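Asks: Have a peek at coords.cif (mmCIF, C-alpha atoms).
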data_work
loop_
_atom_site.label_atom_id
_atom_site.label_comp_id
_atom_site.auth_asym_id
_atom_site.auth_seq_id
_atom_site.Cartn_x
_atom_site.Cartn_y
_atom_site.Cartn_z
CA MET A 4 -26.19 -21.09 34.78
CA ASN A 5 -22.56 -22.17 34.69
CA VAL A 6 -21.74 -24.85 32.17
CA ARG A 7 -18.90 -27.08 33.27
CA SER A 8 -16.59 -28.36 30.54
CA ASN A 9 -16.61 -32.08 29.95
CA PRO A 10 -13.31 -33.50 31.23
CA MET A 11 -13.48 -36.07 28.46
CA SER A 12 -13.80 -33.38 25.78
CA GLU A 13 -11.01 -32.66 23.34
CA SER A 14 -8.37 -30.19 24.50
CA SER A 15 -7.81 -27.03 22.50
CA ALA A 16 -4.31 -28.16 21.52
CA ALA A 17 -5.61 -31.51 20.30
CA LYS A 18 -8.52 -29.92 18.47
CA ILE A 19 -6.34 -27.38 16.65
CA GLY A 20 -3.80 -30.10 15.80
CA ARG A 21 -6.53 -32.34 14.41
CA GLN A 22 -7.95 -29.49 12.32
CA SER A 23 -4.48 -28.67 10.99
CA GLN A 24 -4.03 -32.28 9.88
CA LEU A 25 -7.46 -32.29 8.25
CA LEU A 26 -6.70 -29.11 6.33
CA SER A 27 -3.24 -30.31 5.25
CA ALA A 28 -4.69 -33.56 3.95
CA GLN A 29 -7.40 -31.68 2.07
CA LEU A 30 -4.88 -29.31 0.48
CA GLN A 31 -2.77 -32.25 -0.63
CA SER A 32 -5.83 -34.03 -2.01
CA LEU A 33 -6.85 -30.90 -3.89
CA ARG A 34 -3.39 -30.58 -5.41
CA GLU A 35 -3.40 -34.24 -6.50
CA ARG A 36 -6.78 -33.75 -8.19
CA LEU A 37 -5.60 -30.65 -10.02
CA TYR A 38 -2.18 -31.97 -11.06
CA GLU A 39 -0.69 -35.30 -12.08
CA PRO A 40 1.26 -37.04 -9.27
CA ASP A 41 4.66 -35.99 -10.64
CA ALA A 42 3.53 -32.76 -12.28
CA ARG A 43 5.40 -29.55 -11.55
CA LYS A 44 4.64 -25.93 -12.15
CA THR A 45 5.86 -24.79 -15.53
CA LEU A 46 6.63 -21.36 -16.90
CA LYS A 47 4.68 -20.08 -19.87
CA THR A 48 6.35 -19.58 -23.23
CA PHE A 49 6.80 -16.20 -24.90
CA THR A 50 5.68 -15.09 -28.35
CA SER A 51 8.30 -13.67 -30.71
CA ARG A 52 6.93 -10.20 -29.98
CA GLU A 53 7.27 -10.71 -26.21
CA ALA A 54 10.73 -12.24 -26.61
CA ALA A 55 11.93 -9.34 -28.76
CA GLY A 56 10.63 -6.89 -26.14
CA LEU A 57 12.56 -8.69 -23.41
CA LEU A 58 15.71 -8.71 -25.55
CA GLY A 59 15.37 -5.07 -26.54
CA ILE A 60 15.54 -5.79 -30.26
CA ALA A 61 13.05 -5.49 -33.11
CA GLU A 62 10.78 -8.45 -33.72
CA SER A 63 11.96 -8.48 -37.35
CA THR A 64 15.56 -8.86 -36.12
CA LEU A 65 14.60 -11.82 -33.96
CA ARG A 66 12.69 -13.36 -36.86
CA GLN A 67 15.67 -12.97 -39.18
CA MET A 68 17.96 -14.54 -36.59
CA SER A 69 15.63 -17.54 -36.51
CA LEU A 70 15.58 -17.79 -40.32
CA ASP A 71 19.37 -17.59 -40.44
CA GLY A 72 19.75 -20.27 -37.78
CA GLU A 73 21.48 -17.74 -35.55
CA GLY A 74 21.11 -18.33 -31.85
CA VAL A 75 18.37 -20.79 -30.89
CA ILE A 76 15.66 -22.37 -33.01
CA PRO A 77 12.28 -21.69 -31.38
CA ASP A 78 9.34 -24.07 -31.33
CA ARG A 79 6.25 -23.29 -33.36
CA GLN A 80 2.62 -23.31 -32.39
CA ASP A 81 0.00 -25.02 -34.54
CA ASN A 82 -0.62 -21.71 -36.30
CA GLY A 83 3.07 -21.46 -37.21
CA ARG A 84 3.94 -18.68 -34.77
CA ARG A 85 7.31 -18.91 -33.06
CA ILE A 86 7.40 -19.35 -29.28
CA TYR A 87 10.39 -19.08 -26.97
CA THR A 88 11.15 -20.42 -23.52
CA LEU A 89 12.93 -18.20 -21.01
CA ASP A 90 15.96 -20.50 -21.27
CA GLN A 91 16.05 -19.83 -25.02
CA ILE A 92 15.72 -16.09 -24.49
CA ASN A 93 18.68 -16.24 -22.09
CA GLU A 94 20.70 -18.15 -24.70
CA ILE A 95 19.98 -15.37 -27.19
CA ARG A 96 21.04 -12.81 -24.57
CA HIS A 97 24.43 -14.53 -24.27
CA HIS A 98 24.73 -14.71 -28.06
CA LEU A 99 23.94 -11.03 -28.57
CA ALA A 100 26.24 -9.97 -25.71
CA LYS A 101 29.14 -11.71 -27.48
CA LYS A 102 28.13 -10.42 -30.90
CA ARG A 103 27.69 -6.80 -29.73
CA PRO A 104 30.17 -6.33 -26.85
CA ALA A 105 29.49 -2.58 -26.65
CA GLU A 106 25.87 -3.43 -25.71
CA ALA A 107 26.68 -6.48 -23.58
CA LEU A 108 25.38 -4.97 -20.34
CA ASP A 109 22.09 -4.09 -22.04
CA PHE A 110 21.57 -7.66 -23.21
CA LEU A 111 23.00 -9.39 -20.13
CA PRO A 112 22.80 -7.14 -17.05
CA ARG A 113 24.39 -9.62 -14.68
CA ARG A 114 27.05 -8.84 -12.10
CA ARG A 115 30.55 -8.38 -13.39
CA GLU A 116 33.75 -9.07 -11.50
CA GLY A 117 33.96 -6.65 -8.60
CA ASP A 118 30.19 -6.04 -8.47
CA LYS A 119 28.74 -6.70 -5.02
CA LEU A 120 26.12 -9.40 -4.58
CA GLN A 121 22.77 -7.73 -3.98
CA VAL A 122 20.94 -9.13 -0.95
CA ILE A 123 17.51 -7.56 -0.64
CA ALA A 124 15.29 -8.23 2.37
CA VAL A 125 11.55 -7.59 2.07
CA ALA A 126 10.12 -6.88 5.51
CA ASN A 127 7.14 -5.75 7.57
CA PHE A 128 5.22 -7.39 10.40
CA LYS A 129 1.78 -6.11 9.41
CA GLY A 130 -0.34 -8.70 7.63
CA GLY A 131 -1.75 -7.60 4.29
CA SER A 132 1.25 -5.50 3.31
CA ALA A 133 1.89 -7.80 0.30
CA LYS A 134 5.38 -8.78 1.47
CA THR A 135 5.41 -12.17 -0.26
CA THR A 136 3.59 -10.85 -3.33
CA THR A 137 6.24 -8.15 -3.66
CA THR A 138 9.03 -10.72 -3.31
CA ILE A 139 7.64 -13.16 -5.89
CA HIS A 140 6.99 -10.45 -8.48
CA LEU A 141 10.45 -8.98 -8.01
CA ALA A 142 12.07 -12.42 -8.28
CA HIS A 143 10.21 -13.19 -11.51
CA TYR A 144 10.90 -9.76 -12.99
CA LEU A 145 14.63 -9.95 -12.28
CA ALA A 146 14.86 -13.47 -13.72
CA ILE A 147 12.98 -12.42 -16.86
CA SER A 148 15.46 -9.54 -17.12
CA GLY A 149 18.30 -12.06 -17.25
CA LEU A 150 19.59 -12.03 -13.66
CA ARG A 151 20.43 -15.06 -11.52
CA VAL A 152 18.15 -15.02 -8.48
CA LEU A 153 18.18 -16.94 -5.20
CA ALA A 154 14.83 -16.66 -3.42
CA LEU A 155 15.23 -17.36 0.30
CA ASP A 156 12.02 -18.05 2.20
CA LEU A 157 12.73 -17.10 5.81
CA ASP A 158 9.09 -17.06 6.91
CA PRO A 159 7.96 -20.22 8.75
CA GLN A 160 4.52 -19.77 7.15
CA ALA A 161 6.25 -20.58 3.83
CA SER A 162 4.00 -18.49 1.56
CA LEU A 163 6.85 -17.85 -0.87
CA SER A 164 7.58 -21.58 -1.06
CA ALA A 165 3.91 -22.21 -1.85
CA MET A 166 4.10 -19.72 -4.73
CA PHE A 167 6.84 -21.91 -6.21
CA GLY A 168 4.66 -25.00 -5.92
CA TYR A 169 5.84 -26.45 -2.61
CA GLN A 170 3.41 -27.39 0.14
CA PRO A 171 5.71 -27.10 3.16
CA GLU A 172 4.38 -29.96 5.27
CA PHE A 173 4.55 -32.42 2.35
CA ASP A 174 7.35 -31.17 0.06
CA VAL A 175 9.91 -29.78 2.51
CA ASP A 176 11.33 -32.38 4.87
CA GLU A 177 13.23 -31.92 8.11
CA ASN A 178 16.55 -30.06 7.75
CA GLU A 179 15.74 -28.85 4.23
CA THR A 180 15.30 -25.14 4.99
CA VAL A 181 17.97 -22.51 5.62
CA TYR A 182 17.74 -23.56 9.28
CA ALA A 183 19.89 -26.53 8.27
CA ALA A 184 22.72 -24.14 7.33
CA ILE A 185 22.54 -21.83 10.37
CA ARG A 186 21.63 -24.22 13.18
CA TYR A 187 23.95 -24.61 16.18
CA ASP A 188 24.38 -28.40 16.42
CA ASP A 189 26.27 -31.06 14.48
CA ARG A 190 23.41 -31.57 12.01
CA ARG A 191 24.37 -28.36 10.24
CA ARG A 192 24.58 -28.66 6.43
CA PRO A 193 26.22 -26.59 3.68
CA ILE A 194 23.73 -24.12 2.22
CA ARG A 195 24.17 -25.62 -1.27
CA GLU A 196 22.48 -28.78 -0.06
CA VAL A 197 19.18 -27.00 0.66
CA ILE A 198 19.01 -24.90 -2.54
CA ARG A 199 16.48 -26.17 -5.08
CA GLN A 200 16.15 -25.40 -8.74
CA THR A 201 12.71 -24.10 -9.65
CA TYR A 202 10.59 -24.31 -12.78
CA PHE A 203 11.37 -20.65 -13.41
CA ALA A 204 14.63 -20.30 -15.38
CA GLY A 205 17.13 -18.21 -13.46
CA ILE A 206 15.55 -18.69 -10.01
CA ASP A 207 16.70 -21.07 -7.28
CA LEU A 208 14.83 -21.40 -3.99
CA ILE A 209 15.56 -22.21 -0.37
CA PRO A 210 12.12 -23.23 0.89
CA ALA A 211 10.67 -22.79 4.36
CA ASN A 212 8.54 -24.66 6.83
CA LEU A 213 7.81 -24.51 10.54
CA GLU A 214 11.24 -25.85 11.52
CA LEU A 215 12.58 -22.31 11.06
CA MET A 216 11.00 -21.56 14.44
CA GLU A 217 13.65 -23.80 16.00
CA TYR A 218 16.20 -21.07 15.32
CA GLU A 219 14.12 -18.59 17.29
CA HIS A 220 13.92 -21.03 20.21
CA GLU A 221 17.57 -22.13 20.19
CA THR A 222 19.31 -18.78 19.72
CA PRO A 223 18.69 -17.41 23.26
CA GLN A 224 20.26 -20.56 24.72
CA ALA A 225 23.17 -20.27 22.27
CA ILE A 226 23.72 -16.65 23.33
CA ALA A 227 23.58 -17.61 27.02
CA GLU A 228 26.21 -20.29 26.41
CA GLY A 229 28.46 -17.80 24.62
CA HIS A 230 28.06 -19.79 21.42
CA GLY A 231 29.58 -18.24 18.37
CA ARG A 232 32.17 -15.62 17.66
CA GLY A 233 32.82 -13.65 14.51
CA ASP A 234 30.72 -15.01 11.63
CA GLU A 235 29.22 -17.63 13.96
CA ILE A 236 27.40 -15.10 16.14
CA PHE A 237 23.65 -15.28 15.56
CA PHE A 238 23.19 -12.07 13.58
CA ARG A 239 26.01 -12.90 11.13
CA ARG A 240 25.19 -16.55 10.50
CA LEU A 241 22.83 -15.93 7.59
CA ALA A 242 25.22 -13.53 5.86
CA SER A 243 28.02 -16.05 6.35
CA VAL A 244 26.19 -18.91 4.61
CA ILE A 245 24.96 -16.65 1.80
CA ASN A 246 28.61 -15.81 1.13
CA GLU A 247 29.22 -19.49 0.41
CA VAL A 248 27.17 -19.20 -2.81
CA GLU A 249 27.95 -15.56 -3.57
CA ALA A 250 29.51 -16.37 -6.95
CA ASP A 251 26.40 -18.19 -8.21
CA TYR A 252 23.90 -15.32 -8.09
CA ASP A 253 23.38 -11.68 -8.91
CA VAL A 254 20.75 -11.10 -6.24
CA VAL A 255 19.37 -12.87 -3.18
CA LEU A 256 15.79 -11.97 -2.23
CA ILE A 257 14.81 -12.69 1.37
CA ASP A 258 11.14 -12.93 2.33
CA ALA A 259 11.57 -12.05 6.01
CA PRO A 260 9.26 -13.31 8.77
CA PRO A 261 6.43 -11.00 9.91
CA GLN A 262 8.06 -10.35 13.27
CA LEU A 263 11.31 -8.91 14.61
CA GLY A 264 12.93 -12.13 15.80
CA TYR A 265 16.41 -13.57 15.36
CA LEU A 266 15.71 -14.65 11.77
CA THR A 267 14.66 -11.14 10.77
CA LEU A 268 17.72 -9.65 12.49
CA GLY A 269 19.87 -12.06 10.51
CA ALA A 270 18.16 -10.94 7.32
CA LEU A 271 18.71 -7.26 8.15
CA CYS A 272 22.41 -7.89 8.78
CA ALA A 273 22.82 -9.93 5.58
CA ALA A 274 20.96 -7.41 3.42
CA THR A 275 22.57 -4.79 1.22
CA GLY A 276 19.14 -3.31 0.50
CA LEU A 277 15.88 -3.21 2.41
CA LEU A 278 12.34 -3.00 1.05
CA ILE A 279 9.55 -2.20 3.51
CA THR A 280 6.10 -2.87 2.11
CA ILE A 281 3.22 -0.70 3.24
CA HIS A 282 -0.50 -0.70 2.49
CA PRO A 283 -1.54 2.98 2.57
CA ALA A 284 -4.17 2.82 5.30
CA MET A 285 -3.70 4.70 8.55
CA ILE A 286 -3.93 1.58 10.73
CA ASP A 287 -1.19 -0.04 8.64
CA VAL A 288 0.97 3.06 8.85
CA ALA A 289 0.57 3.13 12.65
CA SER A 290 1.62 -0.52 12.79
CA MET A 291 4.60 0.18 10.54
CA ASN A 292 5.64 3.01 12.86
CA GLN A 293 5.88 0.51 15.72
CA PHE A 294 7.80 -1.85 13.44
CA LEU A 295 10.31 0.88 12.56
CA ALA A 296 10.78 1.94 16.19
CA MET A 297 11.41 -1.63 17.31
CA MET A 298 13.69 -2.31 14.36
CA SER A 299 15.76 0.78 15.13
CA ASP A 300 16.19 -0.25 18.79
CA LEU A 301 17.26 -3.76 17.81
CA MET A 302 19.66 -2.46 15.16
CA HIS A 303 21.36 -0.32 17.83
CA VAL A 304 21.76 -3.45 19.99
CA ILE A 305 23.32 -5.31 17.05
CA GLU A 306 25.70 -2.44 16.37
CA GLU A 307 26.74 -2.41 20.03
CA ARG A 308 27.61 -6.09 19.62
CA GLY A 309 29.85 -5.32 16.64
CA GLY A 310 27.34 -5.73 13.83
CA VAL A 311 27.54 -3.43 10.83
CA LEU A 312 24.19 -2.31 9.45
CA GLN A 313 24.88 -0.13 6.42
CA HIS A 314 22.37 -0.67 3.62
CA ASP A 315 22.97 0.69 0.14
CA PHE A 316 19.30 1.63 0.00
CA ILE A 317 16.14 1.48 2.08
CA ARG A 318 12.89 1.97 0.20
CA TYR A 319 9.22 1.95 1.15
CA VAL A 320 7.05 0.17 -1.40
CA ILE A 321 3.41 1.27 -1.58
CA THR A 322 1.27 -1.81 -2.22
CA ARG A 323 -2.42 -2.48 -2.83
CA HIS A 324 -2.94 1.20 -3.60
CA ASN A 325 -6.27 2.50 -4.82
CA PRO A 326 -5.50 5.92 -6.37
CA ASN A 327 -9.22 6.75 -6.33
CA ASP A 328 -9.47 6.31 -2.56
CA GLY A 329 -9.12 9.74 -0.92
CA PRO A 330 -7.82 8.54 2.48
CA GLN A 331 -5.24 6.31 0.79
CA VAL A 332 -4.05 9.19 -1.38
CA ASN A 333 -3.66 11.29 1.77
CA VAL A 334 -1.59 8.57 3.44
CA VAL A 335 0.67 8.26 0.39
CA THR A 336 1.11 12.03 0.30
CA LEU A 337 2.02 11.99 4.00
CA LEU A 338 4.62 9.23 3.51
CA ARG A 339 6.19 11.00 0.54
CA SER A 340 6.38 14.29 2.44
CA LEU A 341 8.08 12.58 5.39
CA PHE A 342 10.38 10.07 3.69
CA LYS A 343 10.97 11.88 0.37
CA ASP A 344 12.81 9.73 -2.19
CA ASP A 345 12.95 6.77 0.16
CA VAL A 346 9.37 6.04 -0.95
CA LEU A 347 9.47 4.45 -4.40
CA ALA A 348 7.84 6.76 -6.94
CA PRO A 349 5.66 4.05 -8.54
CA ALA A 350 3.13 2.17 -6.41
CA VAL A 351 1.56 -1.26 -6.88
CA VAL A 352 -2.12 -0.67 -7.54
CA GLU A 353 -4.84 -2.79 -6.02
CA THR A 354 -6.24 -4.95 -8.79
CA THR A 355 -8.24 -8.11 -9.30
CA ALA A 356 -5.46 -9.36 -11.59
CA ILE A 357 -3.01 -9.76 -8.69
CA ALA A 358 -5.73 -11.32 -6.53
CA SER A 359 -6.63 -13.79 -9.29
CA ALA A 360 -2.97 -14.68 -9.83
CA GLY A 361 -2.52 -15.27 -6.10
CA LEU A 362 -5.42 -17.74 -6.04
CA GLU A 363 -3.59 -19.76 -8.68
CA LYS A 364 -0.26 -19.38 -6.81
CA LYS A 365 1.14 -17.38 -9.72
CA SER A 366 2.62 -13.97 -10.33
CA LEU A 367 1.30 -11.67 -13.02
CA TYR A 368 4.25 -12.73 -15.18
CA GLU A 369 2.88 -16.28 -15.24
CA MET A 370 -0.69 -15.37 -16.14
CA SER A 371 -1.78 -16.32 -19.63
CA ARG A 372 -3.65 -13.88 -21.80
CA GLY A 373 -7.36 -14.45 -21.34
CA SER A 374 -7.08 -15.65 -17.74
CA VAL A 375 -8.17 -12.16 -16.67
CA GLY A 376 -9.33 -9.20 -18.72
CA ARG A 377 -6.64 -7.96 -21.08
CA ASP A 378 -6.85 -4.33 -19.99
CA THR A 379 -6.91 -5.34 -16.31
CA LEU A 380 -3.80 -7.50 -16.73
CA ASN A 381 -1.96 -4.83 -18.72
CA ARG A 382 -2.67 -2.15 -16.11
CA ALA A 383 -1.52 -4.45 -13.32
CA LEU A 384 1.66 -5.40 -15.20
CA GLU A 385 2.42 -1.75 -15.93
CA SER A 386 2.17 -0.98 -12.21
CA VAL A 387 4.30 -3.92 -11.05
CA ASP A 388 6.86 -3.43 -13.83
CA ALA A 389 7.36 0.20 -12.81
CA VAL A 390 8.07 -0.75 -9.19
CA ASN A 391 10.38 -3.62 -10.11
CA ASN A 392 12.25 -1.55 -12.68
CA ASP A 393 12.98 1.12 -10.06
CA ILE A 394 14.42 -1.57 -7.77
CA LEU A 395 16.53 -2.96 -10.63
CA GLN A 396 17.88 0.54 -11.30
CA LEU A 397 18.86 0.84 -7.62
CA MET A 398 20.79 -2.40 -7.98
CA LYS A 399 22.52 -1.17 -11.11
CA GLN A 400 23.52 2.03 -9.33
CA CYS A 401 25.18 -0.13 -6.66
CA TRP A 402 27.12 -1.76 -9.50
CA GLY A 403 28.21 1.64 -10.77
CA ARG A 404 26.03 1.60 -13.88
CA LYS A 405 23.95 4.42 -15.30
#
Is it possible to express this structure as structure tokens?
Replies:
Amino acid sequence: MNVRSNPMSESSAAKIGRQSQLLSAQLQSLRERLYEPDARKTLKTFTSREAAGLLGIAESTLRQMSLDGEGVIPDRQDNGRRIYTLDQINEIRHHLAKKRPAEALDFLPRRREGDKLQVIAVANFKGGSAKTTTTIHLAHYLAISGLRVLALDLDPQASLSAMFGYQPEFDVDENETVYAAIRYDDRRRPIREVIRQTYFAGIDLIPANLELMEYEHETPQAIAEGHGRGDEIFFRRLASVINEVEADYDVVLIDAPPQLGYLTLGALCAATGLLITIHPAMIDVASMNQFLAMMSDLMHVIEERGGVLQHDFIRYVITRHNPNDGPQVNVVTLLRSLFKDDVLAPAVVETTAIASAGLEKKSLYEMSRGSVGRDTLNRALESVDAVNNDILQLMKQCWGRK
């Protein structure tokens, strides 16, 4: 028996739109119940032991500095223990760099005059490859290490923006994404006007929302009209606007969209380094193979149009790895045999700690002790630290440092 649809019934477009509005309202309501109306995410403080570890000095040295009134005066907990904010740790970094100039780069590893801005794009179009998780952990690690970071959310789904506490449909208005700086009409804005300070010392953010899709829709028409020459051509526009704030940062991290569109091509052209995340399962590897083939073809097209695609490094980052899973180990072995040193030696292990942090829209670096098991958190941090440290060392090599 054929069942005819009711002509008065709701259309699919209307139904999906209504459900989107319902979900958005519920998410906003949930956030308002969990947080005060003007509350913002805040970064945890660091014990004197943690602060000394970040500074690379003995805890006794840090304690003596506090007693002597040298550097900053930390707050104290009820039990009398000293606690430091990341801003205070950075102040101490500046103080020690001036006091011990021979060790200045150890205390304050920022770019020096002549060092190239690092622009690192994190890419893949396979869901579940931990692209945004990789970006947020790297951003936090680099900021904790003392670098100035600009996080650029180029994904219309805005997952990176959400990790920084922004719900895109409520907190990011029209013309407040990087689209505002690269659009083709007279509503274009300087990139500085869409950069936001975050709660995390050392990190600024350009958030995302669905308006980024406008760039994908408008670029073909702009190309057909012969719009743009030189830096104004579509694949150079992102690099051009990043150059406007080049002096303000040591590294720009781009969370690229999960498809090879015009935004992703712009990210590839702007990038000095490329990180490709990969979950070591055969279906994911097969998908990545298609991604690489398509990316190569598109890069050749860009080069034929005068684009220069010369990255200082391209690395594959193994994510969500279970070292006790035989098939996964085989996939990792295959990738290392094929791509050699282009696969980062450390891998991010699959752990409940990262999953728990993600539910709270946090990175592991924001998790308080006791929020997950201590051993679980330590193992997860050890894994993520190893990956992020390797990436930091690649950046330092680009700056000519050992």
Asks: So that I can see what lies close to region 298-304 of chain A, please list as an MDAnalysis selection string the residues with an atom at most 10 Å from it, counting only C-alpha atoms and leaving out residues fewer than 2 positions away in the same chain.
Replies: chainID A and resid 262:264 267:268 271:272 292:296 306:312
Asks: In Å to one decimal, how far is CA of Tyr187 (chain A) from CA of Gln170 (chain A)?
Replies: 26.2 Å
Asks: Please identify all polymer residues within 8 Å of region 216-226 of chain A, counting only C-alpha atoms, omitting same-chain residues fewer than 6 positions from it, and present them as number ranges by chain.
Replies: A: 159, 182, 186-187, 237, 264-266
Asks: Taking (13.3, -23.0, 6.7) as a centre in this file's frame and 9 Å as the limit, can you find every polymer residue with an atom that close, using only C-alpha atoms, and give them as a PyMOL selection string?
Replies: chain A and resi 155-159+161+175+178-183+209-216
Asks: Starting from the shown file, work through the PyMOL selection byres ((chain A and resi 398-400) around 9) and note down what comes out as a PDB file with C-alpha atoms, in the frame of the given file.
Replies:
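Written output follows (expr-v2.pdb):
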ATOM      1  CA  PRO A 112      22.800  -7.140 -17.050  1.00  0.00           C
ATOM      2  CA  ARG A 114      27.050  -8.840 -12.100  1.00  0.00           C
ATOM      3  CA  GLN A 121      22.770  -7.730  -3.980  1.00  0.00           C
ATOM      4  CA  VAL A 254      20.750 -11.100  -6.240  1.00  0.00           C
ATOM      5  CA  GLY A 276      19.140  -3.310   0.500  1.00  0.00           C
ATOM      6  CA  ASP A 315      22.970   0.690   0.140  1.00  0.00           C
ATOM      7  CA  ASP A 393      12.980   1.120 -10.060  1.00  0.00           C
ATOM      8  CA  ILE A 394      14.420  -1.570  -7.770  1.00  0.00           C
ATOM      9  CA  LEU A 395      16.530  -2.960 -10.630  1.00  0.00           C
ATOM     10  CA  GLN A 396      17.880   0.540 -11.300  1.00  0.00           C
ATOM     11  CA  LEU A 397      18.860   0.840  -7.620  1.00  0.00           C
ATOM     12  CA  CYS A 401      25.180  -0.130  -6.660  1.00  0.00           C
ATOM     13  CA  TRP A 402      27.120  -1.760  -9.500  1.00  0.00           C
ATOM     14  CA  GLY A 403      28.210   1.640 -10.770  1.00  0.00           C
ATOM     15  CA  ARG A 404      26.030   1.600 -13.880  1.00  0.00           C
ATOM     16  CA  LYS A 405      23.950   4.420 -15.300  1.00  0.00           C
TER      17      LYS A 405
END
Asks: Might you spell out which residues the PyMOL selection byres ((chain A and resi 362-369) around 6) would select in the displayed file, as a list in words?
Replies: His140, Met166, Ser359, Ala360, Gly361 and Met370 of chain A
Asks: Suppose we keep C-alpha atoms; can you now write the selection as a PDB file, in the frame of the given file?
Replies:
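And here's part_25.pdb as it stands now:
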ATOM      1  CA  HIS A 140       6.990 -10.450  -8.480  1.00  0.00           C
ATOM      2  CA  MET A 166       4.100 -19.720  -4.730  1.00  0.00           C
ATOM      3  CA  SER A 359      -6.630 -13.790  -9.290  1.00  0.00           C
ATOM      4  CA  ALA A 360      -2.970 -14.680  -9.830  1.00  0.00           C
ATOM      5  CA  GLY A 361      -2.520 -15.270  -6.100  1.00  0.00           C
ATOM      6  CA  MET A 370      -0.690 -15.370 -16.140  1.00  0.00           C
TER       7      MET A 370
END
Asks: Would you mind reading off the distance between CA of Arg151 (chain A) and CA of Gly269 (chain A), one decimal, in Å?
Replies: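 So the answer is 22.2 Å.
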Asks: Between A:Glu94, A:Asp81, A:Asp287, A:Asp118, which has the minimum distance to Gly131 (chain A) (counting only C-alpha atoms)?
Replies: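 Closest candidate: A:Asp287.
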Asks: Using only C-alpha atoms, which of A:Ala227, A:Ala54, A:Leu108, A:Ile123 sits nearest Ile92 (chain A)?
Replies: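 That would be A:Ala54, the residue with the smallest distance to Ile92 (chain A).
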Asks: Give the answer as one residue: which of A:Ile206, A:Ile279, A:Val244, A:Ile194 has the shortest atom-to-atom distance to Val125 (chain A), using all atoms listed in the file?
Replies: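 Smallest distance to Val125 (chain A) is found for A:Ile279.
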Asks: When you look at Ser386 (chain A) with a cut-off of 10 Å (counting only C-alpha atoms), what residues show up, excluding the ones that are within fewer than 3 positions of it in the same chain? I need them as number ranges by chain.
Replies: A: 349-354, 380-383, 389-391
Asks: For this file, the PyMOL selection byres ((chain A and resi 55-63) around 10) selects which residues, as a PyMOL selection string?
Replies: chain A and resi 49-54+64-69+89+92-93+95-96+99+109-111+147-149
Asks: Which residue gives the smallest distance to His98 (chain A) among A:Asp176, A:Leu341, A:Thr138, A:Glu73, with only C-alpha atoms counted?
Replies: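 Using only C-alpha atoms, His98 (chain A) sits closest to A:Glu73.
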Asks: Between CA of Leu337 (chain A) and CA of Thr135 (chain A), what is the distance in Å, rounded to a tenth?
Replies: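 Computing it gives 24.8 Å between the two atoms.
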